[in-house]
Amino acid sequence: MNLPQLSHQERAEARIKALAARAVRSQAKQDLKSGQKTVAAVLASAACEPALDRLKVCELLEALPGIGKVRATVIMSELGIAPTRRVRGLGVHQRRALVEYLGEKP
C-alpha cells in the first residue's frame, strides 16, 4: 500500500487535527478519572465526537479510578469485548453491558 504524498501544508493540517483529537481523548480520560463524567456519558458523546470514537475501550476503562490494566482486561473478557476494540466498534449490547457492569445508569 502506497501512502499518498502530502504537501507541507497538508501535513501541518493533519498534525493540527491529530493534536486536537488527542486533546479531546485526553480530556475525556481526565474527566473520567476525576469523576466529572461517567462511562455512559463518554459513550453517548462519542456519537457526535469522532475523536472519542477512536478511543480504545481498555484506555477508557483504565481511566477510571481503581481500574488498571489487569482489571480492564478482565472486565473486557467477561463482557466479550476484544482487547483491541475501540469505542466505535462496540455494539449496542456491549455498550449496555459495560455501563451496567460498572453500575452506572445509561
# chains A, B, ... in the order shown; residues from 1 in each chain; ligands from 1
$ residues_around --residues "range 11-20 of chain A" --least-positions-apart "4" --cutoff "12 Å" --atoms "only C-alpha atoms" --output "PDB file with N, CA, C and O atoms, in the first residue's frame"
ATOM      1  N   PRO A   4      -0.153   8.313   0.263  1.00  0.00           N
ATOM      2  CA  PRO A   4      -0.194   9.485  -0.604  1.00  0.00           C
ATOM      3  C   PRO A   4       0.889  10.495  -0.208  1.00  0.00           C
ATOM      4  O   PRO A   4       1.239  10.621   0.965  1.00  0.00           O
ATOM      5  N   GLN A   5       1.412  11.163  -1.196  1.00  0.00           N
ATOM      6  CA  GLN A   5       2.398  12.214  -0.945  1.00  0.00           C
ATOM      7  C   GLN A   5       1.655  13.482  -0.526  1.00  0.00           C
ATOM      8  O   GLN A   5       0.789  13.967  -1.252  1.00  0.00           O
ATOM      9  N   LEU A   6       1.980  13.981   0.645  1.00  0.00           N
ATOM     10  CA  LEU A   6       1.317  15.172   1.162  1.00  0.00           C
ATOM     11  C   LEU A   6       2.250  16.366   1.079  1.00  0.00           C
ATOM     12  O   LEU A   6       3.463  16.230   1.288  1.00  0.00           O
ATOM     13  N   SER A   7       1.655  17.501   0.821  1.00  0.00           N
ATOM     14  CA  SER A   7       2.445  18.728   0.818  1.00  0.00           C
ATOM     15  C   SER A   7       2.713  19.132   2.263  1.00  0.00           C
ATOM     16  O   SER A   7       2.136  18.581   3.204  1.00  0.00           O
ATOM     17  N   VAL A  24      -8.860  15.946  22.902  1.00  0.00           N
ATOM     18  CA  VAL A  24     -10.239  15.576  23.249  1.00  0.00           C
ATOM     19  C   VAL A  24     -10.248  14.256  24.019  1.00  0.00           C
ATOM     20  O   VAL A  24     -10.922  14.121  25.047  1.00  0.00           O
ATOM     21  N   ARG A  25      -9.490  13.270  23.526  1.00  0.00           N
ATOM     22  CA  ARG A  25      -9.431  11.979  24.213  1.00  0.00           C
ATOM     23  C   ARG A  25      -8.798  12.117  25.600  1.00  0.00           C
ATOM     24  O   ARG A  25      -9.262  11.521  26.565  1.00  0.00           O
ATOM     25  N   SER A  26      -7.756  12.925  25.698  1.00  0.00           N
ATOM     26  CA  SER A  26      -7.095  13.136  26.982  1.00  0.00           C
ATOM     27  C   SER A  26      -8.032  13.806  27.978  1.00  0.00           C
ATOM     28  O   SER A  26      -8.081  13.422  29.154  1.00  0.00           O
ATOM     29  N   GLN A  27      -8.788  14.788  27.524  1.00  0.00           N
ATOM     30  CA  GLN A  27      -9.724  15.487  28.401  1.00  0.00           C
ATOM     31  C   GLN A  27     -10.814  14.534  28.884  1.00  0.00           C
ATOM     32  O   GLN A  27     -11.206  14.569  30.057  1.00  0.00           O
ATOM     33  N   GLU A  49     -18.747  13.007  18.515  1.00  0.00           N
ATOM     34  CA  GLU A  49     -17.340  13.422  18.541  1.00  0.00           C
ATOM     35  C   GLU A  49     -16.471  12.297  17.969  1.00  0.00           C
ATOM     36  O   GLU A  49     -16.216  11.295  18.640  1.00  0.00           O
ATOM     37  N   PRO A  50     -16.005  12.447  16.722  1.00  0.00           N
ATOM     38  CA  PRO A  50     -15.230  11.380  16.083  1.00  0.00           C
ATOM     39  C   PRO A  50     -13.942  11.017  16.822  1.00  0.00           C
ATOM     40  O   PRO A  50     -13.500   9.869  16.764  1.00  0.00           O
ATOM     41  N   ALA A  51     -13.355  11.937  17.537  1.00  0.00           N
ATOM     42  CA  ALA A  51     -12.115  11.649  18.263  1.00  0.00           C
ATOM     43  C   ALA A  51     -12.361  10.641  19.379  1.00  0.00           C
ATOM     44  O   ALA A  51     -11.519   9.787  19.648  1.00  0.00           O
ATOM     45  N   LEU A  52     -13.516  10.720  20.026  1.00  0.00           N
ATOM     46  CA  LEU A  52     -13.834   9.770  21.095  1.00  0.00           C
ATOM     47  C   LEU A  52     -14.182   8.397  20.534  1.00  0.00           C
ATOM     48  O   LEU A  52     -14.023   7.394  21.213  1.00  0.00           O
ATOM     49  N   ARG A  54     -12.530   6.875  18.405  1.00  0.00           N
ATOM     50  CA  ARG A  54     -11.264   6.171  18.201  1.00  0.00           C
ATOM     51  C   ARG A  54     -10.554   5.815  19.505  1.00  0.00           C
ATOM     52  O   ARG A  54      -9.455   5.281  19.480  1.00  0.00           O
TER      53      ARG A  54
END
$ select_by_dssp --residues "range 18-105 of chain A" --states "helix (DSSP H, G or I)" --output "VMD selection string"
chain A and resid 18 to 34 39 to 45 50 to 53 57 to 62 69 to 79 87 to 89 92 to 101
$ atom_distance --atom1 "CA of Lys29 in chain A" --atom2 "CA of Leu60 in chain A"
6.6 Å
$ residues_around --residues "Leu32 in chain A" --least-positions-apart "6" --cutoff "8 Å" --atoms "only C-alpha atoms" --output "ChimeraX atom specification"
/A:38-39,63-65
$ write_last_selection --atoms "N, CA, C and O atoms" --output "JSON list (two decimals), in the first residue's frame"
[["chain", "number", "residue", "atom", "x", "y", "z"],
["A", 38, "THR", "N", -19.16, 10.13, 33.42],
["A", 38, "THR", "CA", -19.30, 8.69, 33.57],
["A", 38, "THR", "C", -18.98, 8.03, 32.24],
["A", 38, "THR", "O", -18.90, 8.69, 31.20],
["A", 39, "VAL", "N", -18.81, 6.73, 32.27],
["A", 39, "VAL", "CA", -18.56, 5.98, 31.03],
["A", 39, "VAL", "C", -19.76, 6.13, 30.10],
["A", 39, "VAL", "O", -19.60, 6.29, 28.89],
["A", 63, "ALA", "N", -8.89, 4.61, 32.63],
["A", 63, "ALA", "CA", -9.01, 5.99, 33.09],
["A", 63, "ALA", "C", -9.88, 6.08, 34.35],
["A", 63, "ALA", "O", -9.84, 7.09, 35.05],
["A", 64, "LEU", "N", -10.64, 5.04, 34.61],
["A", 64, "LEU", "CA", -11.50, 5.04, 35.80],
["A", 64, "LEU", "C", -10.66, 4.79, 37.05],
["A", 64, "LEU", "O", -9.72, 4.00, 37.02],
["A", 65, "PRO", "N", -11.00, 5.45, 38.15],
["A", 65, "PRO", "CA", -10.28, 5.21, 39.41],
["A", 65, "PRO", "C", -10.43, 3.77, 39.86],
["A", 65, "PRO", "O", -11.52, 3.21, 39.84]]
$ closest_residue --among "A:Cys58, A:Cys48, A:Ala97, A:Met1" --to "Ala82 in chain A" --atoms "only C-alpha atoms"
A:Cys58
$ atom_distance --atom1 "CA of Arg86 in chain A" --atom2 "CA of Asp53 in chain A"
6.9 Å
$ atom_distance --atom1 "CA of Glu100 in chain A" --atom2 "CA of Met76 in chain A"
12.9 Å
$ residues_around --residues "Ala40 in chain A" --least-positions-apart "3" --cutoff "12 Å" --atoms "only C-alpha atoms" --output "number ranges by chain"
A: 28, 32, 36-37, 43-47, 60-61, 87, 94-106
$ closest_residue --among "A:Ala21, A:Val57, A:Ile67, A:Gln30" --to "Leu79 in chain A" --atoms "only C-alpha atoms"
A:Val57
$ decode --residues "chain A" --atoms "C-alpha atoms" --output "CSV table (one decimal), in the first residue's frame"
chain,number,residue,atom,x,y,z
A,1,MET,CA,0.0,0.0,0.0
A,2,ASN,CA,1.5,3.3,-1.1
A,3,LEU,CA,0.9,6.3,1.1
A,4,PRO,CA,-0.2,9.5,-0.6
A,5,GLN,CA,2.4,12.2,-0.9
A,6,LEU,CA,1.3,15.2,1.2
A,7,SER,CA,2.4,18.7,0.8
A,8,HIS,CA,3.9,20.6,3.8
A,9,GLN,CA,0.6,22.4,4.2
A,10,GLU,CA,-1.4,19.2,4.2
A,11,ARG,CA,1.0,17.6,6.8
A,12,ALA,CA,0.6,20.7,9.0
A,13,GLU,CA,-3.2,20.5,8.8
A,14,ALA,CA,-3.1,16.8,9.6
A,15,ARG,CA,-0.8,17.3,12.6
A,16,ILE,CA,-3.1,20.0,14.0
A,17,LYS,CA,-6.1,17.7,13.5
A,18,ALA,CA,-4.3,14.9,15.3
A,19,LEU,CA,-3.3,17.1,18.2
A,20,ALA,CA,-6.9,18.3,18.6
A,21,ALA,CA,-8.2,14.7,18.6
A,22,ARG,CA,-5.6,13.6,21.2
A,23,ALA,CA,-6.6,16.6,23.4
A,24,VAL,CA,-10.2,15.6,23.2
A,25,ARG,CA,-9.4,12.0,24.2
A,26,SER,CA,-7.1,13.1,27.0
A,27,GLN,CA,-9.7,15.5,28.4
A,28,ALA,CA,-12.3,12.7,28.4
A,29,LYS,CA,-9.9,10.4,30.3
A,30,GLN,CA,-9.2,13.2,32.8
A,31,ASP,CA,-12.9,13.8,33.3
A,32,LEU,CA,-13.4,10.0,33.9
A,33,LYS,CA,-10.6,9.9,36.4
A,34,SER,CA,-11.9,12.9,38.3
A,35,GLY,CA,-15.5,11.7,38.3
A,36,GLN,CA,-16.8,14.6,36.3
A,37,LYS,CA,-18.1,12.2,33.6
A,38,THR,CA,-19.3,8.7,33.6
A,39,VAL,CA,-18.6,6.0,31.0
A,40,ALA,CA,-22.2,6.3,29.8
A,41,ALA,CA,-21.7,10.0,29.2
A,42,VAL,CA,-18.4,9.4,27.3
A,43,LEU,CA,-20.1,6.7,25.2
A,44,ALA,CA,-23.0,9.0,24.4
A,45,SER,CA,-20.8,11.9,23.5
A,46,ALA,CA,-18.7,9.6,21.2
A,47,ALA,CA,-21.7,9.5,18.8
A,48,CYS,CA,-21.1,13.2,17.9
A,49,GLU,CA,-17.3,13.4,18.5
A,50,PRO,CA,-15.2,11.4,16.1
A,51,ALA,CA,-12.1,11.6,18.3
A,52,LEU,CA,-13.8,9.8,21.1
A,53,ASP,CA,-14.9,7.1,18.6
A,54,ARG,CA,-11.3,6.2,18.2
A,55,LEU,CA,-10.6,5.8,21.9
A,56,LYS,CA,-9.7,2.2,22.9
A,57,VAL,CA,-12.1,0.6,25.4
A,58,CYS,CA,-9.1,-0.6,27.5
A,59,GLU,CA,-7.9,3.1,27.8
A,60,LEU,CA,-11.4,4.2,28.7
A,61,LEU,CA,-11.6,1.6,31.5
A,62,GLU,CA,-8.1,2.3,32.7
A,63,ALA,CA,-9.0,6.0,33.1
A,64,LEU,CA,-11.5,5.0,35.8
A,65,PRO,CA,-10.3,5.2,39.4
A,66,GLY,CA,-9.4,1.8,40.8
A,67,ILE,CA,-9.1,0.1,37.4
A,68,GLY,CA,-5.7,-0.8,36.0
A,69,LYS,CA,-4.6,-2.8,33.0
A,70,VAL,CA,-5.3,-6.2,34.5
A,71,ARG,CA,-8.8,-5.4,35.8
A,72,ALA,CA,-9.7,-3.6,32.5
A,73,THR,CA,-8.6,-6.8,30.6
A,74,VAL,CA,-10.7,-9.0,33.0
A,75,ILE,CA,-13.8,-6.7,32.5
A,76,MET,CA,-13.4,-6.8,28.8
A,77,SER,CA,-13.1,-10.6,28.6
A,78,GLU,CA,-16.1,-11.1,30.9
A,79,LEU,CA,-18.2,-8.9,28.7
A,80,GLY,CA,-16.9,-10.4,25.4
A,81,ILE,CA,-15.1,-7.3,24.2
A,82,ALA,CA,-12.0,-7.8,22.2
A,83,PRO,CA,-8.8,-6.3,23.7
A,84,THR,CA,-8.2,-4.1,20.6
A,85,ARG,CA,-11.8,-2.8,20.4
A,86,ARG,CA,-12.4,0.9,20.1
A,87,VAL,CA,-15.5,2.7,21.3
A,88,ARG,CA,-16.7,3.0,17.7
A,89,GLY,CA,-16.7,-0.8,17.4
A,90,LEU,CA,-18.8,-1.5,20.4
A,91,GLY,CA,-22.3,-2.9,19.7
A,92,VAL,CA,-25.4,-1.7,21.4
A,93,HIS,CA,-25.5,-4.7,23.8
A,94,GLN,CA,-21.8,-4.4,24.6
A,95,ARG,CA,-22.3,-0.7,25.5
A,96,ARG,CA,-25.2,-1.5,27.7
A,97,ALA,CA,-23.4,-4.4,29.3
A,98,LEU,CA,-20.3,-2.2,30.0
A,99,VAL,CA,-22.4,0.5,31.6
A,100,GLU,CA,-24.4,-2.0,33.7
A,101,TYR,CA,-21.2,-3.8,34.8
A,102,LEU,CA,-19.8,-0.5,36.1
A,103,GLY,CA,-23.0,0.2,37.9
A,104,GLU,CA,-23.9,3.3,36.0
A,105,LYS,CA,-27.3,4.4,34.7
A,106,PRO,CA,-27.4,4.6,30.9
